[in-house]
>>> print(open('model.pdb').read())   # PDB, C-alpha atoms, pLDDT in the B column
MODEL        1
ATOM      1  CA  MET N   5     156.382 -40.057  56.377  1.00 40.00           C
ATOM      2  CA  GLU N   6     152.965 -40.960  55.287  1.00 53.00           C
ATOM      3  CA  GLN N   7     150.238 -38.713  56.438  1.00 69.00           C
ATOM      4  CA  GLU N   8     147.545 -40.276  58.483  1.00 80.00           C
ATOM      5  CA  LYS N   9     144.243 -40.565  56.717  1.00 82.00           C
ATOM      6  CA  THR N  10     141.361 -38.662  58.061  1.00 89.00           C
ATOM      7  CA  LEU N  11     138.461 -40.474  59.606  1.00 88.00           C
ATOM      8  CA  LEU N  12     136.290 -39.552  56.614  1.00 90.00           C
ATOM      9  CA  GLN N  13     138.860 -41.021  54.194  1.00 91.00           C
ATOM     10  CA  GLN N  14     139.010 -44.227  56.215  1.00 90.00           C
ATOM     11  CA  ILE N  15     135.208 -44.463  56.175  1.00 92.00           C
ATOM     12  CA  ARG N  16     135.163 -43.889  52.403  1.00 93.00           C
ATOM     13  CA  GLU N  17     137.767 -46.607  51.857  1.00 93.00           C
ATOM     14  CA  LYS N  18     135.754 -49.059  53.979  1.00 94.00           C
ATOM     15  CA  GLU N  19     132.612 -48.100  52.082  1.00 96.00           C
ATOM     16  CA  GLN N  20     134.413 -48.759  48.788  1.00 96.00           C
ATOM     17  CA  GLU N  21     135.742 -52.080  50.093  1.00 96.00           C
ATOM     18  CA  TYR N  22     132.271 -53.195  51.203  1.00 96.00           C
ATOM     19  CA  ALA N  23     130.722 -51.989  47.937  1.00 96.00           C
ATOM     20  CA  GLU N  24     133.179 -54.156  46.005  1.00 96.00           C
ATOM     21  CA  LYS N  25     132.473 -57.157  48.253  1.00 96.00           C
ATOM     22  CA  THR N  26     128.736 -56.555  47.893  1.00 97.00           C
ATOM     23  CA  GLU N  27     129.031 -56.393  44.097  1.00 97.00           C
ATOM     24  CA  ALA N  28     131.054 -59.625  44.009  1.00 96.00           C
ATOM     25  CA  ILE N  29     128.474 -61.380  46.192  1.00 97.00           C
ATOM     26  CA  LYS N  30     125.666 -60.009  43.986  1.00 97.00           C
ATOM     27  CA  LYS N  31     127.363 -61.411  40.879  1.00 97.00           C
ATOM     28  CA  GLU N  32     127.814 -64.806  42.559  1.00 97.00           C
ATOM     29  CA  THR N  33     124.194 -64.791  43.680  1.00 97.00           C
ATOM     30  CA  ASP N  34     122.948 -63.812  40.222  1.00 96.00           C
ATOM     31  CA  ALA N  35     125.020 -66.605  38.672  1.00 96.00           C
ATOM     32  CA  ALA N  36     123.647 -69.115  41.200  1.00 97.00           C
ATOM     33  CA  ILE N  37     120.072 -67.967  40.525  1.00 97.00           C
ATOM     34  CA  THR N  38     120.601 -68.270  36.767  1.00 96.00           C
ATOM     35  CA  ALA N  39     122.012 -71.772  37.190  1.00 96.00           C
ATOM     36  CA  VAL N  40     119.105 -72.848  39.414  1.00 97.00           C
ATOM     37  CA  GLU N  41     116.548 -71.358  37.003  1.00 96.00           C
ATOM     38  CA  SER N  42     118.184 -73.206  34.132  1.00 95.00           C
ATOM     39  CA  GLU N  43     118.178 -76.451  36.100  1.00 96.00           C
ATOM     40  CA  ALA N  44     114.531 -75.933  37.084  1.00 96.00           C
ATOM     41  CA  GLU N  45     113.562 -75.338  33.446  1.00 95.00           C
ATOM     42  CA  SER N  46     115.417 -78.470  32.439  1.00 95.00           C
ATOM     43  CA  MET N  47     113.653 -80.450  35.166  1.00 96.00           C
ATOM     44  CA  LEU N  48     110.268 -79.119  34.037  1.00 95.00           C
ATOM     45  CA  CYS N  49     110.966 -80.117  30.443  1.00 94.00           C
ATOM     46  CA  THR N  50     112.082 -83.570  31.550  1.00 95.00           C
ATOM     47  CA  ALA N  51     109.033 -83.969  33.790  1.00 95.00           C
ATOM     48  CA  ASP N  52     106.721 -82.828  30.997  1.00 94.00           C
ATOM     49  CA  SER N  53     108.298 -85.219  28.535  1.00 94.00           C
ATOM     50  CA  THR N  54     108.252 -88.090  31.019  1.00 95.00           C
ATOM     51  CA  GLY N  55     104.632 -87.323  31.894  1.00 95.00           C
ATOM     52  CA  LYS N  56     103.603 -87.431  28.243  1.00 95.00           C
ATOM     53  CA  ILE N  57     105.394 -90.736  27.723  1.00 96.00           C
ATOM     54  CA  GLU N  58     103.836 -92.252  30.862  1.00 96.00           C
ATOM     55  CA  ALA N  59     100.385 -90.985  29.876  1.00 96.00           C
ATOM     56  CA  GLU N  60     100.711 -92.518  26.424  1.00 96.00           C
ATOM     57  CA  LEU N  61     101.881 -95.842  27.864  1.00 96.00           C
ATOM     58  CA  LEU N  62      98.978 -95.856  30.305  1.00 96.00           C
ATOM     59  CA  TYR N  63      96.550 -94.997  27.487  1.00 97.00           C
ATOM     60  CA  TRP N  64      97.713 -97.886  25.308  1.00 97.00           C
ATOM     61  CA  GLN N  65      97.785-100.304  28.239  1.00 97.00           C
ATOM     62  CA  GLU N  66      94.251 -99.404  29.290  1.00 96.00           C
ATOM     63  CA  LYS N  67      93.060 -99.459  25.680  1.00 97.00           C
ATOM     64  CA  GLY N  68      94.477-102.969  25.268  1.00 96.00           C
ATOM     65  CA  GLU N  69      92.770-104.150  28.447  1.00 96.00           C
ATOM     66  CA  ILE N  70      89.442-102.648  27.355  1.00 97.00           C
ATOM     67  CA  GLU N  71      89.729-104.200  23.893  1.00 97.00           C
ATOM     68  CA  ALA N  72      90.466-107.581  25.468  1.00 96.00           C
ATOM     69  CA  GLU N  73      87.416-107.193  27.717  1.00 97.00           C
ATOM     70  CA  ILE N  74      85.263-106.253  24.705  1.00 97.00           C
ATOM     71  CA  GLU N  75      86.449-109.343  22.841  1.00 97.00           C
ATOM     72  CA  GLY N  76      85.608-111.472  25.872  1.00 96.00           C
ATOM     73  CA  LEU N  77      82.117-109.993  26.029  1.00 97.00           C
ATOM     74  CA  LYS N  78      81.635-110.588  22.298  1.00 97.00           C
ATOM     75  CA  ARG N  79      82.679-114.241  22.663  1.00 97.00           C
ATOM     76  CA  GLU N  80      80.340-114.584  25.623  1.00 96.00           C
ATOM     77  CA  ALA N  81      77.471-113.034  23.624  1.00 96.00           C
ATOM     78  CA  VAL N  82      78.114-115.388  20.705  1.00 96.00           C
ATOM     79  CA  ALA N  83      78.100-118.369  23.066  1.00 95.00           C
ATOM     80  CA  VAL N  84      74.804-117.251  24.642  1.00 95.00           C
ATOM     81  CA  ARG N  85      73.281-116.610  21.214  1.00 95.00           C
ATOM     82  CA  GLU N  86      74.336-120.072  20.003  1.00 94.00           C
ATOM     83  CA  LYS N  87      72.950-121.674  23.160  1.00 93.00           C
ATOM     84  CA  VAL N  88      69.615-119.873  22.765  1.00 92.00           C
ATOM     85  CA  ALA N  89      69.495-120.717  19.050  1.00 91.00           C
ATOM     86  CA  ALA N  90      70.179-124.377  19.844  1.00 90.00           C
ATOM     87  CA  ALA N  91      67.415-124.373  22.456  1.00 87.00           C
ATOM     88  CA  GLY N  92      65.088-122.750  19.915  1.00 85.00           C
ATOM     89  CA  GLU N  93      65.970-125.355  17.280  1.00 88.00           C
ATOM     90  CA  LYS N  94      65.329-128.102  19.804  1.00 87.00           C
ATOM     91  CA  ASN N  95      61.886-126.731  20.635  1.00 83.00           C
ATOM     92  CA  LEU N  96      60.975-125.701  17.065  1.00 84.00           C
ATOM     93  CA  ALA N  97      59.190-128.920  16.111  1.00 85.00           C
ATOM     94  CA  SER N  98      57.200-128.906  19.338  1.00 86.00           C
ATOM     95  CA  ALA N  99      56.278-125.232  18.864  1.00 84.00           C
ATOM     96  CA  ILE N 100      55.158-125.831  15.253  1.00 86.00           C
ATOM     97  CA  GLU N 101      53.022-128.758  16.335  1.00 87.00           C
ATOM     98  CA  THR N 102      51.442-126.766  19.179  1.00 87.00           C
ATOM     99  CA  ILE N 103      50.716-123.785  16.939  1.00 86.00           C
ATOM    100  CA  THR N 104      49.325-126.013  14.177  1.00 88.00           C
ATOM    101  CA  ARG N 105      46.972-127.802  16.587  1.00 85.00           C
ATOM    102  CA  SER N 106      45.835-124.494  17.993  1.00 85.00           C
ATOM    103  CA  VAL N 107      45.061-123.082  14.529  1.00 85.00           C
ATOM    104  CA  ILE N 108      43.371-126.231  13.219  1.00 85.00           C
ATOM    105  CA  MET N 109      41.072-126.564  16.254  1.00 78.00           C
ATOM    106  CA  GLU N 110      39.686-123.092  15.861  1.00 61.00           C
TER     107      GLU N 110
ENDMDL
END
>>> encode(input="model.pdb", output="structure tokens")
Amino acid sequence: MEQEKTLLQQIREKEQEYAEKTEAIKKETDAAITAVESEAESMLCTADSTGKIEAELLYWQEKGEIEAEIEGLKREAVAVREKVAAAGEKNLASAIETITRSVIME
């Protein structure tokens, strides 16, 4: 006949049982934390890479728009310059005549 275990032995067995369960849960938790940390690191790398790509695309898009605007302003300046030059050419003979008369009369 098996001897009954003392209360202290029963408590020690339960303590051992709970210690083993606690250790198993700790291992599971540590593994889950490691997996989540790894996933988070991967997500950060992906976000960083995606951010750099998006920033570069935005840079080139904006640069293209600015260059197009600059070209438009240059064309506009050339058109204004040509218009002013044409107006000057048109009035050149009249200006020469006016200046000549003014100089000769004095």
>>> atom_distance(input="model.pdb", atom1="atom CA of N:Glu80", atom2="atom CA of N:Lys67")
19.8 Å
>>> atom_distance(input="model.pdb", atom1="atom CA of N:Ala97", atom2="atom CA of N:Arg79")
28.5 Å
>>> axis_aligned_box(input="model.pdb", around="stretch 57-75 of chain N", padding_each_side="5 Å", output="AutoDock Vina command-line options")
--center_x 95.3 --center_y -100.0 --center_z 26.9 --size_x 30.1 --size_y 28.6 --size_z 18.0
>>> atom_distance(input="model.pdb", atom1="atom CA of N:Cys49", atom2="atom CA of N:Trp64")
22.8 Å
>>> build_atoms(input="model.pdb", residues="stretch 61-76 of chain N", atoms="N, CA and C atoms", output="PDB file, in the frame of the given file")
ATOM      1  N   LEU N  61     101.769 -94.422  27.506  1.00 96.00           N
ATOM      2  CA  LEU N  61     101.881 -95.842  27.864  1.00 96.00           C
ATOM      3  C   LEU N  61     100.640 -96.315  28.608  1.00 96.00           C
ATOM      4  N   LEU N  62     100.180 -95.504  29.545  1.00 96.00           N
ATOM      5  CA  LEU N  62      98.978 -95.856  30.305  1.00 96.00           C
ATOM      6  C   LEU N  62      97.770 -95.933  29.383  1.00 96.00           C
ATOM      7  N   TYR N  63      97.662 -94.993  28.451  1.00 97.00           N
ATOM      8  CA  TYR N  63      96.550 -94.997  27.487  1.00 97.00           C
ATOM      9  C   TYR N  63      96.529 -96.301  26.699  1.00 97.00           C
ATOM     10  N   TRP N  64      97.674 -96.675  26.137  1.00 97.00           N
ATOM     11  CA  TRP N  64      97.713 -97.886  25.308  1.00 97.00           C
ATOM     12  C   TRP N  64      97.488 -99.145  26.139  1.00 97.00           C
ATOM     13  N   GLN N  65      97.998 -99.149  27.365  1.00 97.00           N
ATOM     14  CA  GLN N  65      97.785-100.304  28.239  1.00 97.00           C
ATOM     15  C   GLN N  65      96.296-100.459  28.555  1.00 97.00           C
ATOM     16  N   GLU N  66      95.675 -99.363  28.951  1.00 96.00           N
ATOM     17  CA  GLU N  66      94.251 -99.404  29.290  1.00 96.00           C
ATOM     18  C   GLU N  66      93.411 -99.732  28.056  1.00 96.00           C
ATOM     19  N   LYS N  67      93.791 -99.177  26.918  1.00 97.00           N
ATOM     20  CA  LYS N  67      93.060 -99.459  25.680  1.00 97.00           C
ATOM     21  C   LYS N  67      93.146-100.945  25.353  1.00 97.00           C
ATOM     22  N   GLY N  68      94.315-101.535  25.519  1.00 96.00           N
ATOM     23  CA  GLY N  68      94.477-102.969  25.268  1.00 96.00           C
ATOM     24  C   GLY N  68      93.617-103.802  26.205  1.00 96.00           C
ATOM     25  N   GLU N  69      93.587-103.409  27.486  1.00 96.00           N
ATOM     26  CA  GLU N  69      92.770-104.150  28.447  1.00 96.00           C
ATOM     27  C   GLU N  69      91.286-104.034  28.112  1.00 96.00           C
ATOM     28  N   ILE N  70      90.850-102.853  27.713  1.00 97.00           N
ATOM     29  CA  ILE N  70      89.442-102.648  27.355  1.00 97.00           C
ATOM     30  C   ILE N  70      89.097-103.447  26.105  1.00 97.00           C
ATOM     31  N   GLU N  71      89.980-103.436  25.120  1.00 97.00           N
ATOM     32  CA  GLU N  71      89.729-104.200  23.893  1.00 97.00           C
ATOM     33  C   GLU N  71      89.657-105.694  24.197  1.00 97.00           C
ATOM     34  N   ALA N  72      90.508-106.173  25.082  1.00 96.00           N
ATOM     35  CA  ALA N  72      90.466-107.581  25.468  1.00 96.00           C
ATOM     36  C   ALA N  72      89.145-107.897  26.172  1.00 96.00           C
ATOM     37  N   GLU N  73      88.690-106.988  27.019  1.00 97.00           N
ATOM     38  CA  GLU N  73      87.416-107.193  27.717  1.00 97.00           C
ATOM     39  C   GLU N  73      86.252-107.192  26.726  1.00 97.00           C
ATOM     40  N   ILE N  74      86.309-106.296  25.739  1.00 97.00           N
ATOM     41  CA  ILE N  74      85.263-106.253  24.705  1.00 97.00           C
ATOM     42  C   ILE N  74      85.229-107.563  23.936  1.00 97.00           C
ATOM     43  N   GLU N  75      86.395-108.064  23.569  1.00 97.00           N
ATOM     44  CA  GLU N  75      86.449-109.343  22.841  1.00 97.00           C
ATOM     45  C   GLU N  75      85.867-110.471  23.682  1.00 97.00           C
ATOM     46  N   GLY N  76      86.167-110.460  24.978  1.00 96.00           N
ATOM     47  CA  GLY N  76      85.608-111.472  25.872  1.00 96.00           C
ATOM     48  C   GLY N  76      84.093-111.388  25.938  1.00 96.00           C
TER      49      GLY N  76
END
